[in-house]
$ cat work_26.cif   # mmCIF, C-alpha atoms
data_work
#
loop_
_atom_site.label_atom_id
_atom_site.label_comp_id
_atom_site.auth_asym_id
_atom_site.auth_seq_id
_atom_site.Cartn_x
_atom_site.Cartn_y
_atom_site.Cartn_z
CA VAL A 1 1.13 -20.68 -44.07
CA GLU A 2 0.78 -20.66 -47.85
CA ILE A 3 -0.97 -18.50 -50.44
CA ILE A 4 -2.68 -20.88 -52.89
CA VAL A 5 -4.07 -19.35 -56.08
CA ASN A 6 -6.67 -21.26 -58.11
CA GLY A 7 -6.96 -18.74 -60.92
CA GLY A 8 -5.14 -15.48 -61.31
CA LEU A 9 -3.23 -13.18 -59.00
CA ASP A 10 -0.97 -10.35 -60.12
CA VAL A 11 1.55 -8.88 -57.69
CA LEU A 12 2.48 -5.53 -59.18
CA GLY A 13 4.76 -3.34 -57.13
CA THR A 14 6.97 -0.57 -58.44
CA ALA A 15 10.63 0.29 -58.12
CA ASN A 16 9.77 2.80 -55.40
CA ASP A 17 6.99 0.86 -53.71
CA THR A 18 7.63 -2.89 -53.50
CA VAL A 19 5.19 -5.50 -52.25
CA ARG A 20 6.65 -7.45 -49.31
CA PHE A 21 5.94 -11.05 -48.28
CA LEU A 22 7.69 -12.07 -45.08
CA SER A 23 7.32 -13.87 -41.76
CA ASN A 24 5.79 -12.15 -38.76
CA GLY A 25 7.49 -14.56 -36.35
CA GLU A 26 9.40 -13.28 -33.35
CA SER A 27 12.61 -14.69 -34.83
CA PRO A 28 11.97 -14.85 -38.60
CA ALA A 29 13.74 -17.67 -40.45
CA SER A 30 13.64 -19.47 -43.78
CA GLY A 31 10.67 -21.85 -43.89
CA ASP A 32 8.37 -19.82 -41.63
CA TRP A 33 5.85 -19.80 -44.48
CA TYR A 34 5.69 -21.69 -47.76
CA GLY A 35 5.23 -19.05 -50.46
CA ILE A 36 2.78 -18.33 -53.30
CA ARG A 37 1.57 -21.40 -55.20
CA TYR A 38 -0.33 -20.97 -58.46
CA GLN A 39 -2.26 -24.08 -59.49
CA ASN A 40 -5.16 -25.08 -61.77
CA TYR A 41 -4.37 -23.08 -64.92
CA PRO A 42 -1.80 -20.93 -63.12
CA ALA A 43 -1.71 -17.33 -64.22
CA GLY A 44 -0.14 -14.38 -62.55
CA ASN A 45 2.62 -11.87 -62.94
CA VAL A 46 4.92 -11.00 -60.05
CA SER A 47 7.02 -7.86 -60.26
CA TYR A 48 8.81 -5.59 -57.80
CA ALA A 49 8.10 -7.81 -54.82
CA ARG A 50 10.35 -8.89 -51.96
CA PHE A 51 10.10 -12.39 -50.51
CA GLU A 52 11.72 -13.44 -47.25
CA HIS A 53 11.57 -16.47 -44.93
CA ALA A 54 9.73 -18.65 -47.50
CA THR A 55 10.28 -22.31 -48.36
CA GLN A 56 9.48 -21.95 -52.09
CA ALA A 57 8.83 -18.29 -52.84
CA ILE A 58 7.00 -18.52 -56.19
CA LYS A 59 5.59 -21.75 -57.59
CA TYR A 60 3.56 -22.36 -60.76
CA ASP A 61 2.23 -25.93 -60.92
CA ASN A 62 -0.60 -27.16 -63.10
CA SER A 63 -0.10 -30.88 -62.53
CA ILE A 64 -3.64 -31.25 -61.18
CA ASP A 65 -5.30 -30.69 -64.58
CA TYR A 66 -2.38 -30.62 -67.01
CA ILE A 67 -4.07 -32.76 -69.68
CA ASN A 68 -6.85 -30.19 -70.17
CA SER A 69 -4.59 -27.17 -69.91
CA ASN A 70 -4.65 -24.79 -72.86
CA GLN A 71 -2.90 -21.58 -71.90
CA TYR A 72 -0.73 -20.99 -74.95
CA SER A 73 -1.68 -17.32 -75.36
CA ASP A 74 -0.61 -16.42 -71.80
CA THR A 75 2.80 -15.37 -70.52
CA LEU A 76 4.08 -15.83 -67.00
CA ARG A 77 6.24 -12.89 -65.97
CA VAL A 78 8.44 -12.82 -62.87
CA ARG A 79 10.45 -9.60 -62.98
CA HIS A 80 12.44 -7.28 -60.70
CA ASN A 81 11.89 -9.28 -57.52
CA LYS A 82 14.16 -9.91 -54.53
CA ILE A 83 14.07 -13.31 -52.85
CA MET A 84 16.23 -13.56 -49.74
CA ASN A 85 16.52 -15.52 -46.50
CA SER A 86 14.43 -18.24 -48.14
CA GLY A 87 14.77 -21.72 -49.57
CA ALA A 88 14.13 -22.03 -53.30
CA ALA A 89 13.08 -19.11 -55.48
CA ILE A 90 11.07 -19.85 -58.67
CA TYR A 91 9.51 -23.18 -59.64
CA VAL A 92 7.54 -23.75 -62.86
CA SER A 93 6.08 -27.12 -63.86
CA TYR A 94 3.29 -28.62 -65.98
CA THR A 95 2.45 -25.38 -67.76
CA ARG A 96 1.90 -24.57 -71.42
CA VAL A 97 2.73 -20.90 -71.52
CA ASN A 98 5.39 -18.46 -72.59
CA MET A 99 7.57 -17.40 -69.69
CA CYS A 100 9.82 -14.46 -68.78
CA ILE A 101 11.98 -14.53 -65.64
CA GLU A 102 13.93 -11.30 -65.73
CA SER A 103 16.04 -9.00 -63.54
CA ASN A 104 15.43 -10.85 -60.27
CA TYR A 105 17.84 -11.10 -57.33
CA TYR A 106 18.09 -14.30 -55.29
CA GLU A 107 20.21 -15.12 -52.28
CA GLY A 108 19.69 -18.49 -50.64
CA SER A 109 20.57 -22.18 -50.60
CA GLY A 110 17.96 -23.73 -52.92
CA SER A 111 17.40 -23.58 -56.67
CA PHE A 112 17.06 -20.15 -58.22
CA VAL A 113 14.98 -21.40 -61.18
CA TYR A 114 13.67 -24.95 -61.41
CA ALA A 115 11.52 -25.67 -64.49
CA TYR A 116 10.21 -29.16 -65.12
CA TYR A 117 7.85 -30.79 -67.63
CA ASN A 118 6.67 -27.67 -69.40
CA ARG A 119 5.64 -28.97 -72.81
CA THR A 120 3.74 -28.14 -75.98
CA ASN A 121 2.05 -29.84 -78.91
CA THR A 122 0.11 -26.96 -80.49
CA PHE A 123 2.25 -23.80 -80.42
CA ASN A 124 5.88 -22.74 -80.34
CA LEU A 125 6.73 -21.43 -76.88
CA ILE A 126 9.56 -19.19 -75.67
CA HIS A 127 10.96 -19.23 -72.14
CA ARG A 128 13.35 -16.40 -71.28
CA ILE A 129 15.58 -16.31 -68.21
CA ARG A 130 17.68 -13.19 -68.45
CA GLY A 131 19.43 -10.48 -66.50
CA ASN A 132 19.10 -12.20 -63.11
CA THR A 133 21.56 -12.39 -60.22
CA SER A 134 21.72 -15.47 -58.01
CA LYS A 135 23.95 -16.16 -55.03
CA GLY A 136 23.59 -19.76 -53.92
CA GLY A 137 21.08 -21.11 -56.46
CA GLN A 138 21.37 -22.82 -59.84
CA ILE A 139 19.23 -22.70 -62.97
CA TYR A 140 17.87 -26.18 -63.73
CA ILE A 141 15.66 -26.83 -66.77
CA TYR A 142 14.42 -30.36 -67.39
CA ASN A 143 12.05 -32.06 -69.83
CA ALA A 144 10.70 -29.04 -71.73
CA LYS A 145 9.86 -30.09 -75.25
CA SER A 146 7.20 -30.80 -77.83
CA SER A 147 5.56 -34.12 -78.47
CA THR A 148 7.61 -36.35 -80.74
CA ASP A 149 5.09 -36.28 -83.58
CA ASP A 150 4.59 -32.52 -84.04
CA ASN A 151 6.46 -29.58 -85.55
CA TYR A 152 6.47 -27.25 -82.55
CA GLU A 153 9.13 -26.60 -79.96
CA ILE A 154 9.98 -24.81 -76.74
CA THR A 155 13.04 -22.58 -76.92
CA TYR A 156 14.90 -21.54 -73.79
CA TYR A 157 16.85 -18.28 -73.90
CA ILE A 158 19.14 -18.12 -70.86
CA SER A 159 21.10 -14.91 -71.14
CA ASN A 160 23.04 -12.27 -69.23
CA ASN A 161 22.66 -13.85 -65.82
CA THR A 162 25.24 -13.62 -63.02
CA LEU A 163 25.48 -16.81 -60.95
CA ASP A 164 27.73 -18.70 -58.56
CA ARG A 165 26.10 -22.05 -59.36
CA SER A 166 25.52 -24.13 -62.49
CA ILE A 167 23.23 -23.74 -65.47
CA ILE A 168 21.80 -27.20 -66.21
CA VAL A 169 19.61 -27.97 -69.23
CA ARG A 170 18.36 -31.48 -69.85
CA ASP A 171 16.02 -33.11 -72.37
CA LEU A 172 14.98 -29.98 -74.29
CA ASP A 173 14.04 -29.03 -77.85
CA ASN A 174 16.31 -26.01 -78.05
CA ALA A 175 18.44 -23.89 -75.71
CA LEU A 176 20.40 -20.68 -76.28
CA ILE A 177 22.78 -19.94 -73.40
CA THR A 178 24.63 -16.69 -73.94
CA GLY A 179 26.23 -13.76 -72.17
CA ASN A 180 26.17 -15.32 -68.72
CA LYS A 181 28.87 -14.89 -66.08
CA LEU A 182 29.38 -17.83 -63.74
CA THR A 183 31.89 -17.52 -60.93
CA LEU A 184 31.55 -20.81 -59.10
CA SER A 185 31.84 -20.62 -55.32
CA GLN A 186 32.01 -24.41 -54.89
CA ASN A 187 33.05 -27.39 -57.02
CA TYR A 188 30.16 -27.28 -59.50
CA HIS A 189 30.25 -27.63 -63.27
CA GLY A 190 29.64 -24.41 -65.20
CA VAL A 191 27.14 -25.26 -67.97
CA GLU A 192 25.75 -28.80 -68.25
CA ALA A 193 23.82 -29.84 -71.37
CA TYR A 194 22.23 -33.29 -71.66
CA GLN A 195 20.05 -34.86 -74.36
CA LEU A 196 19.24 -31.76 -76.37
CA ALA A 197 17.86 -31.69 -79.89
CA LYS A 198 19.97 -28.59 -80.48
CA SER A 199 21.68 -25.89 -78.43
CA THR A 200 23.97 -22.89 -78.67
CA ILE A 201 26.36 -21.95 -75.87
CA LYS A 202 28.22 -18.75 -76.65
CA ASN A 203 29.84 -15.64 -75.21
CA ASN A 204 29.76 -16.88 -71.61
CA GLN A 205 32.43 -16.29 -68.98
CA LEU A 206 32.93 -19.35 -66.77
CA ILE A 207 35.30 -19.33 -63.79
CA GLY A 208 35.69 -22.49 -61.74
CA HIS A 209 36.52 -23.18 -58.11
CA SER A 210 39.70 -24.95 -56.99
CA PHE A 211 40.43 -26.36 -60.48
CA ASP A 212 37.73 -29.01 -60.14
CA SER A 213 34.78 -30.19 -62.30
CA TYR A 214 34.00 -29.16 -65.91
CA GLY A 215 33.52 -25.73 -67.40
CA ILE A 216 31.09 -27.01 -70.07
CA TYR A 217 29.78 -30.59 -70.00
CA LEU A 218 28.09 -31.89 -73.16
CA ASN A 219 26.31 -35.25 -73.17
CA GLN A 220 24.16 -36.02 -76.24
CA SER A 221 23.77 -32.31 -76.72
CA ASN A 222 24.19 -31.42 -80.44
CA SER A 223 25.71 -28.11 -79.38
CA THR A 224 27.49 -25.23 -81.03
CA VAL A 225 29.87 -23.87 -78.40
CA SER A 226 31.57 -20.63 -79.40
CA ASP A 227 33.41 -17.59 -78.06
CA ASN A 228 33.32 -18.63 -74.40
CA VAL A 229 36.07 -17.88 -71.86
CA ILE A 230 36.62 -20.86 -69.54
CA SER A 231 39.15 -20.98 -66.71
CA LYS A 232 40.01 -22.60 -63.37
CA PHE A 233 38.21 -25.91 -63.96
CA ASN A 234 39.73 -29.38 -64.02
CA THR A 235 38.55 -29.77 -67.64
CA GLY A 236 37.49 -26.83 -69.77
CA ILE A 237 35.08 -28.62 -72.15
CA TYR A 238 34.02 -32.26 -71.83
CA VAL A 239 32.15 -33.97 -74.70
CA THR A 240 30.59 -37.43 -74.57
CA THR A 241 27.72 -39.53 -75.92
CA ASN A 242 26.93 -43.20 -76.41
CA PHE A 243 26.61 -45.58 -79.36
CA THR A 244 22.83 -45.35 -79.67
CA ASN A 245 22.69 -41.54 -79.54
CA PRO A 246 25.22 -40.16 -82.05
CA THR A 247 25.74 -36.40 -81.82
CA PHE A 248 28.04 -33.81 -83.34
CA ASP A 249 29.27 -30.78 -81.43
CA SER A 250 31.09 -27.72 -82.80
CA LEU A 251 33.68 -25.97 -80.59
CA LEU A 252 34.57 -22.62 -82.15
CA ARG A 253 36.83 -19.78 -81.00
CA ASN A 254 36.67 -20.61 -77.29
CA THR A 255 39.35 -19.39 -74.89
CA VAL A 256 40.17 -22.27 -72.54
CA VAL A 257 42.99 -21.26 -70.19
CA PHE A 258 44.36 -21.91 -66.70
CA ASN A 259 42.48 -25.18 -66.29
CA GLY A 260 43.75 -28.32 -64.56
CA ASN A 261 44.26 -31.60 -66.41
CA GLN A 262 42.56 -31.03 -69.78
CA GLY A 263 41.50 -28.12 -71.92
CA ILE A 264 39.13 -30.18 -74.11
CA LEU A 265 38.28 -33.84 -73.49
CA VAL A 266 36.26 -35.96 -75.94
CA SER A 267 35.31 -39.41 -74.67
CA ASP A 268 33.34 -42.50 -75.71
CA TYR A 269 31.47 -41.82 -78.98
CA GLY A 270 31.70 -38.02 -78.90
CA ARG A 271 32.50 -36.27 -82.18
CA VAL A 272 33.51 -32.63 -82.49
CA LEU A 273 34.64 -29.97 -84.89
CA ALA A 274 37.15 -27.80 -83.04
CA GLN A 275 38.47 -24.52 -84.44
#
$ encode --input "work_26.cif" --output "structure tokens"
Amino acid sequence: VEIIVNGGLDVLGTANDTVRFLSNGESPASGDWYGIRYQNYPAGNVSYARFEHATQAIKYDNSIDYINSNQYSDTLRVRHNKIMNSGAAIYVSYTRVNMCIESNYYEGSGSFVYAYYNRTNTFNLIHRIRGNTSKGGQIYIYNAKSSTDDNYEITYYISNNTLDRSIIVRDLDNALITGNKLTLSQNYHGVEAYQLAKSTIKNNQLIGHSFDSYGIYLNQSNSTVSDNVISKFNTGIYVTTNFTNPTFDSLLRNTVVFNGNQGILVSDYGRVLAQ
């Protein structure tokens, strides 16, 4: 069972009267139904809803007609929802819209937010992921950027979230990761940043699990990393790049304490300013 939307569908509950999507099976379980899938110029806001027993609760995917998509004036809003007893929570791909994922609660074993190949070549776009709580799911953002020959960009603001899994950003124009609290329940890295044109990672509290993995991992990231508190990882901050992709990272006023082997490790062709 799946709700497929070719067009628009708004799910608008209230704090006192939520909209519920759940299995009617005799013994409800995750995967009993797929979820809501927006496709073909996906548009729809989802707020104050509760999802249970889904495979992928909310999915926006315009891969069918992405080339002709022109949705720059729209905003996708997913706010104040609870997603529990399900697989993955929120998936967004092949869209050209502003996005706000805010104040949601997720408890499950899949990804909390997975965003892939959301690009632009005509407008600046802003994607905000803020004030969410996730138990069991990471935030993974991949390949969200402008075309190489234009002056526009997509900026990701990932702020004030509470997670027990990683924040991973890869191949982006710009990312601001701030005010998040990550208390890792397994041996995951805290914040991972790969191949970014620019990024800022600041004022986060990162607590590892069993003194393993990295608190912040920077690979070709061009990052300014400041005022973070990082503890209980094997390595607090790890910086690396390769010969063909020179980068420069600034590490400023971070508190890196009670880690395992290294506080800060710079390898290969990594270059940093540390203060």
$ closest_atom_pairs --input "work_26.cif" --of "stretch 55-161 of chain A" --to "stretch 8-30 of chain A" --cutoff "8 Å" --atoms "all atoms listed in the file" --output "CSV"
residue,atom,partner,partner_atom,distance
A:Thr55,CA,A:Ser30,CA,6.4
A:Asn85,CA,A:Ser30,CA,5.6
A:Ser86,CA,A:Ser30,CA,4.6
A:Gly87,CA,A:Ser30,CA,6.3
$ atom_distance --input "work_26.cif" --atom1 "atom CA of A:Thr224" --atom2 "atom CA of A:Thr162"
21.5 Å
$ closest_residue --input "work_26.cif" --among "A:Val1, A:Val191, A:Leu184, A:Ile129" --to "A:Gly208" --atoms "all atoms listed in the file"
A:Leu184
$ closest_atom_pairs --input "work_26.cif" --of "stretch 145-185 of chain A" --to "stretch 231-234 of chain A" --cutoff "12 Å" --atoms "all atoms listed in the file" --output "JSON lines"
{"residue": "A:Lys181", "atom": "CA", "partner": "A:Ser231", "partner_atom": "CA", "distance": 12.0}
{"residue": "A:Leu182", "atom": "CA", "partner": "A:Ser231", "partner_atom": "CA", "distance": 10.7}
{"residue": "A:Thr183", "atom": "CA", "partner": "A:Lys232", "partner_atom": "CA", "distance": 9.9}
{"residue": "A:Leu184", "atom": "CA", "partner": "A:Lys232", "partner_atom": "CA", "distance": 9.6}
{"residue": "A:Ser185", "atom": "CA", "partner": "A:Lys232", "partner_atom": "CA", "distance": 11.6}
$ write_last_selection --input "work_26.cif" --atoms "C-alpha atoms" --output "compact mmCIF listing (two decimals), in the frame of the given file"
# COMPACT_ATOMS: atom_id res chain seq x y z
CA LYS A 181 28.87 -14.89 -66.08
CA LEU A 182 29.38 -17.83 -63.74
CA THR A 183 31.89 -17.52 -60.93
CA LEU A 184 31.55 -20.81 -59.10
CA SER A 185 31.84 -20.62 -55.32
$ atom_distance --input "work_26.cif" --atom1 "atom CA of A:Ser267" --atom2 "atom CA of A:Tyr140"
24.5 Å
$ residues_near_point --input "work_26.cif" --point "(21.3, -30.0, -66.1)" --cutoff "8 Å" --atoms "only C-alpha atoms" --output "ChimeraX atom specification"
/A:140-142,167-170,191-194
$ residues_around --input "work_26.cif" --residues "A:Tyr34" --least-positions-apart "4" --cutoff "9 Å" --atoms "only C-alpha atoms" --output "list in words"
Val1, Glu2, Ile3, His53, Ala54, Thr55, Gln56 and Ala57 of chain A
$ atom_distance --input "work_26.cif" --atom1 "atom CA of A:Lys135" --atom2 "atom CA of A:Arg119"
28.6 Å
$ axis_aligned_box --input "work_26.cif" --around "stretch 93-102 of chain A" --padding-each-side "3 Å" --output "lines of an AutoDock Vina configuration file"
center_x = 7.9
center_y = -20.0
center_z = -68.2
size_x = 18.0
size_y = 23.3
size_z = 14.7
$ residues_near_point --input "work_26.cif" --point "(12.0, -33.2, -73.0)" --cutoff "7 Å" --atoms "all atoms listed in the file" --output "list in words"
Tyr142, Asn143, Ala144, Lys145, Asp171, Leu172 and Asp173 of chain A
$ residues_around --input "work_26.cif" --residues "A:Gly131" --least-positions-apart "4" --cutoff "8 Å" --atoms "only C-alpha atoms" --output "mmCIF file with C-alpha atoms, in the frame of the given file"
data_model
loop_
_atom_site.group_PDB
_atom_site.id
_atom_site.type_symbol
_atom_site.label_atom_id
_atom_site.label_comp_id
_atom_site.auth_asym_id
_atom_site.auth_seq_id
_atom_site.Cartn_x
_atom_site.Cartn_y
_atom_site.Cartn_z
ATOM 1 C CA GLU A 102 13.930 -11.300 -65.730
ATOM 2 C CA SER A 103 16.040 -9.000 -63.540
ATOM 3 C CA ASN A 104 15.430 -10.850 -60.270
ATOM 4 C CA SER A 159 21.100 -14.910 -71.140
ATOM 5 C CA ASN A 160 23.040 -12.270 -69.230
ATOM 6 C CA ASN A 161 22.660 -13.850 -65.820
ATOM 7 C CA THR A 162 25.240 -13.620 -63.020
#
$ residues_around --input "work_26.cif" --residues "A:Gln186" --least-positions-apart "2" --cutoff "9 Å" --atoms "all atoms listed in the file" --output "ChimeraX atom specification"
/A:164-165,184,188,208-210
$ write_last_selection --input "work_26.cif" --atoms "C-alpha atoms" --output "PDB file, in the coordinates of the input"
ATOM      1  CA  ASP A 164      27.730 -18.700 -58.560  1.00  0.00           C
ATOM      2  CA  ARG A 165      26.100 -22.050 -59.360  1.00  0.00           C
ATOM      3  CA  LEU A 184      31.550 -20.810 -59.100  1.00  0.00           C
ATOM      4  CA  TYR A 188      30.160 -27.280 -59.500  1.00  0.00           C
ATOM      5  CA  GLY A 208      35.690 -22.490 -61.740  1.00  0.00           C
ATOM      6  CA  HIS A 209      36.520 -23.180 -58.110  1.00  0.00           C
ATOM      7  CA  SER A 210      39.700 -24.950 -56.990  1.00  0.00           C
TER       8      SER A 210
END
